[in-house]
Amino acid sequence: MSPELKLISQAMTELKKVQLVTKEYMTAEECAKYLGLSRSAIYKLTHRKEIPHFKPSKRVMFKRSEVDSWIQKSYVPTK
């Protein structure tokens, strides 16, 4: 791979990361990447109704601000 293509590839990877963090609504796959979980773990959480989500059609969607709030509610203080 040429140095120019390598730089373009790295730039595209960084742009995808920024887009994921700034998107208001995420798919299950994007939510999994955002939380560092597997897609199946996300689906298990939705099935058990443990993570806030929307299901406008067959697709499961997550509002980033609600996922962030859900994470903060799971805080366990240290001793």
# chains A, B, ... in the order shown; residues from 1 in each chain; ligands from 1
call {"tool": "residues_around", "arguments": {"residues": "Met61 (chain A)", "least_positions_apart": "6", "cutoff": "9 Å", "atoms": "only C-alpha atoms", "output": "compact mmCIF listing (two decimals) with all heavy atoms, in the first residue's frame"}}
result
# COMPACT_ATOMS: atom_id res chain seq x y z
N TYR A 25 -28.55 9.01 16.92
CA TYR A 25 -29.13 7.68 16.99
C TYR A 25 -28.16 6.67 16.40
O TYR A 25 -27.52 6.93 15.39
CB TYR A 25 -30.47 7.61 16.25
CG TYR A 25 -31.54 8.39 16.96
CD1 TYR A 25 -31.79 9.73 16.65
CD2 TYR A 25 -32.30 7.81 17.96
CE1 TYR A 25 -32.76 10.45 17.31
CE2 TYR A 25 -33.28 8.53 18.64
CZ TYR A 25 -33.51 9.85 18.30
OH TYR A 25 -34.47 10.55 18.98
N MET A 26 -28.07 5.49 17.04
CA MET A 26 -27.13 4.46 16.61
C MET A 26 -27.87 3.16 16.34
O MET A 26 -28.88 2.87 16.98
CB MET A 26 -26.09 4.20 17.70
CG MET A 26 -25.28 5.40 18.12
SD MET A 26 -24.12 5.02 19.45
CE MET A 26 -25.22 4.92 20.86
N THR A 27 -27.32 2.38 15.42
CA THR A 27 -27.82 1.03 15.19
C THR A 27 -27.26 0.13 16.29
O THR A 27 -26.40 0.55 17.07
CB THR A 27 -27.35 0.50 13.83
OG1 THR A 27 -25.92 0.40 13.84
CG2 THR A 27 -27.81 1.40 12.69
N ALA A 28 -27.69 -1.12 16.32
CA ALA A 28 -27.17 -2.06 17.32
C ALA A 28 -25.67 -2.27 17.13
O ALA A 28 -24.92 -2.32 18.11
CB ALA A 28 -27.91 -3.40 17.22
N CYS A 31 -23.91 0.85 18.38
CA CYS A 31 -23.99 0.90 19.84
C CYS A 31 -23.00 -0.09 20.46
O CYS A 31 -22.34 0.22 21.45
CB CYS A 31 -25.41 0.59 20.29
SG CYS A 31 -25.68 0.81 22.06
N HIS A 53 -33.89 1.59 24.34
CA HIS A 53 -33.81 1.47 22.88
C HIS A 53 -35.17 1.77 22.25
O HIS A 53 -36.17 1.83 22.93
CB HIS A 53 -33.32 0.07 22.48
CG HIS A 53 -34.24 -1.03 22.88
ND1 HIS A 53 -34.30 -1.50 24.18
CD2 HIS A 53 -35.14 -1.75 22.18
CE1 HIS A 53 -35.19 -2.47 24.25
NE2 HIS A 53 -35.72 -2.64 23.06
N PHE A 54 -35.13 1.95 20.94
CA PHE A 54 -36.32 2.18 20.13
C PHE A 54 -36.41 1.08 19.10
O PHE A 54 -35.39 0.55 18.66
CB PHE A 54 -36.24 3.52 19.38
CG PHE A 54 -36.09 4.71 20.28
CD1 PHE A 54 -34.83 5.17 20.64
CD2 PHE A 54 -37.20 5.38 20.75
CE1 PHE A 54 -34.68 6.27 21.46
CE2 PHE A 54 -37.07 6.48 21.58
CZ PHE A 54 -35.81 6.93 21.93
N LYS A 55 -37.61 0.75 18.71
CA LYS A 55 -37.79 -0.22 17.65
C LYS A 55 -38.86 0.31 16.70
O LYS A 55 -40.00 -0.14 16.69
CB LYS A 55 -38.18 -1.58 18.23
CG LYS A 55 -37.96 -2.70 17.28
CD LYS A 55 -38.05 -4.03 17.98
CE LYS A 55 -37.79 -5.12 16.96
NZ LYS A 55 -37.96 -6.43 17.51
call {"tool": "residues_around", "arguments": {"residues": "Ile51 (chain A)", "least_positions_apart": "6", "cutoff": "10 Å", "atoms": "only C-alpha atoms", "output": "list of chain:residue names"}}
result
A:Ile42, A:Tyr43, A:Lys44, A:Leu45, A:Phe62, A:Glu66, A:Val67, A:Trp70, A:Ile71
call {"tool": "write_last_selection", "arguments": {"atoms": "N, CA and C atoms", "output": "PDB file, in the first residue's frame"}}
result
ATOM      1  N   ILE A  42     -25.525  -6.703  22.991  1.00  0.00           N
ATOM      2  CA  ILE A  42     -26.485  -5.593  22.866  1.00  0.00           C
ATOM      3  C   ILE A  42     -27.893  -6.139  22.682  1.00  0.00           C
ATOM      4  N   TYR A  43     -28.039  -7.137  21.812  1.00  0.00           N
ATOM      5  CA  TYR A  43     -29.358  -7.717  21.588  1.00  0.00           C
ATOM      6  C   TYR A  43     -29.895  -8.402  22.846  1.00  0.00           C
ATOM      7  N   LYS A  44     -29.024  -9.021  23.623  1.00  0.00           N
ATOM      8  CA  LYS A  44     -29.452  -9.635  24.881  1.00  0.00           C
ATOM      9  C   LYS A  44     -29.957  -8.576  25.856  1.00  0.00           C
ATOM     10  N   LEU A  45     -29.254  -7.450  25.919  1.00  0.00           N
ATOM     11  CA  LEU A  45     -29.682  -6.352  26.798  1.00  0.00           C
ATOM     12  C   LEU A  45     -31.039  -5.799  26.362  1.00  0.00           C
ATOM     13  N   PHE A  62     -30.728   3.132  19.089  1.00  0.00           N
ATOM     14  CA  PHE A  62     -30.354   3.617  20.416  1.00  0.00           C
ATOM     15  C   PHE A  62     -30.039   5.100  20.335  1.00  0.00           C
ATOM     16  N   GLU A  66     -29.265   8.701  25.781  1.00  0.00           N
ATOM     17  CA  GLU A  66     -29.908   7.775  26.709  1.00  0.00           C
ATOM     18  C   GLU A  66     -28.975   6.619  27.077  1.00  0.00           C
ATOM     19  N   VAL A  67     -28.158   6.184  26.135  1.00  0.00           N
ATOM     20  CA  VAL A  67     -27.172   5.140  26.417  1.00  0.00           C
ATOM     21  C   VAL A  67     -26.140   5.685  27.408  1.00  0.00           C
ATOM     22  N   TRP A  70     -27.715   5.720  30.788  1.00  0.00           N
ATOM     23  CA  TRP A  70     -27.808   4.342  31.277  1.00  0.00           C
ATOM     24  C   TRP A  70     -26.471   3.893  31.864  1.00  0.00           C
ATOM     25  N   ILE A  71     -25.382   4.259  31.204  1.00  0.00           N
ATOM     26  CA  ILE A  71     -24.042   3.907  31.701  1.00  0.00           C
ATOM     27  C   ILE A  71     -23.804   4.584  33.047  1.00  0.00           C
TER      28      ILE A  71
END
call {"tool": "select_by_dssp", "arguments": {"residues": "chain A", "states": "helix (DSSP H, G or I)", "output": "MDAnalysis selection string"}}
result
chainID A and resid 3:22 28:35 39:47 64:73
call {"tool": "select_by_dssp", "arguments": {"residues": "chain A", "states": "strand (DSSP E or B)", "output": "list in words"}}
result
Tyr25, Met26, Thr27, Phe54, Met61, Phe62 and Lys63 of chain A
call {"tool": "write_last_selection", "arguments": {"atoms": "N, CA and C atoms", "output": "mmCIF file, in the first residue's frame"}}
result
data_model
loop_
_atom_site.group_PDB
_atom_site.id
_atom_site.type_symbol
_atom_site.label_atom_id
_atom_site.label_comp_id
_atom_site.auth_asym_id
_atom_site.auth_seq_id
_atom_site.Cartn_x
_atom_site.Cartn_y
_atom_site.Cartn_z
ATOM 1 N N TYR A 25 -28.551 9.012 16.915
ATOM 2 C CA TYR A 25 -29.132 7.680 16.993
ATOM 3 C C TYR A 25 -28.162 6.667 16.399
ATOM 4 N N MET A 26 -28.069 5.493 17.040
ATOM 5 C CA MET A 26 -27.130 4.462 16.608
ATOM 6 C C MET A 26 -27.872 3.160 16.337
ATOM 7 N N THR A 27 -27.321 2.383 15.417
ATOM 8 C CA THR A 27 -27.817 1.028 15.189
ATOM 9 C C THR A 27 -27.258 0.132 16.290
ATOM 10 N N PHE A 54 -35.129 1.949 20.936
ATOM 11 C CA PHE A 54 -36.323 2.184 20.133
ATOM 12 C C PHE A 54 -36.410 1.080 19.096
ATOM 13 N N MET A 61 -32.846 0.730 17.459
ATOM 14 C CA MET A 61 -32.050 1.959 17.457
ATOM 15 C C MET A 61 -31.832 2.414 18.898
ATOM 16 N N PHE A 62 -30.728 3.132 19.089
ATOM 17 C CA PHE A 62 -30.354 3.617 20.416
ATOM 18 C C PHE A 62 -30.039 5.100 20.335
ATOM 19 N N LYS A 63 -30.590 5.882 21.264
ATOM 20 C CA LYS A 63 -30.264 7.301 21.340
ATOM 21 C C LYS A 63 -29.019 7.425 22.212
#
call {"tool": "atom_distance", "arguments": {"atom1": "CA of Glu30 (chain A)", "atom2": "CA of Glu50 (chain A)"}}
result
17.5 Å
call {"tool": "closest_residue", "arguments": {"among": "A:Lys6, A:Lys16, A:Lys73, A:Arg48", "to": "Tyr34 (chain A)", "atoms": "only C-alpha atoms"}}
result
A:Lys16
call {"tool": "closest_residue", "arguments": {"among": "A:Val60, A:Pro52, A:Glu4, A:Thr22", "to": "Arg39 (chain A)", "atoms": "only C-alpha atoms"}}
result
A:Val60
call {"tool": "atom_distance", "arguments": {"atom1": "CA of Ser40 (chain A)", "atom2": "CA of Val76 (chain A)"}}
result
24.4 Å
call {"tool": "atom_distance", "arguments": {"atom1": "CA of Leu37 (chain A)", "atom2": "CA of Ile8 (chain A)"}}
result
27.4 Å
call {"tool": "closest_residue", "arguments": {"among": "A:Lys79, A:Ser74, A:Pro3, A:Arg59", "to": "Glu29 (chain A)", "atoms": "only C-alpha atoms"}}
result
A:Arg59
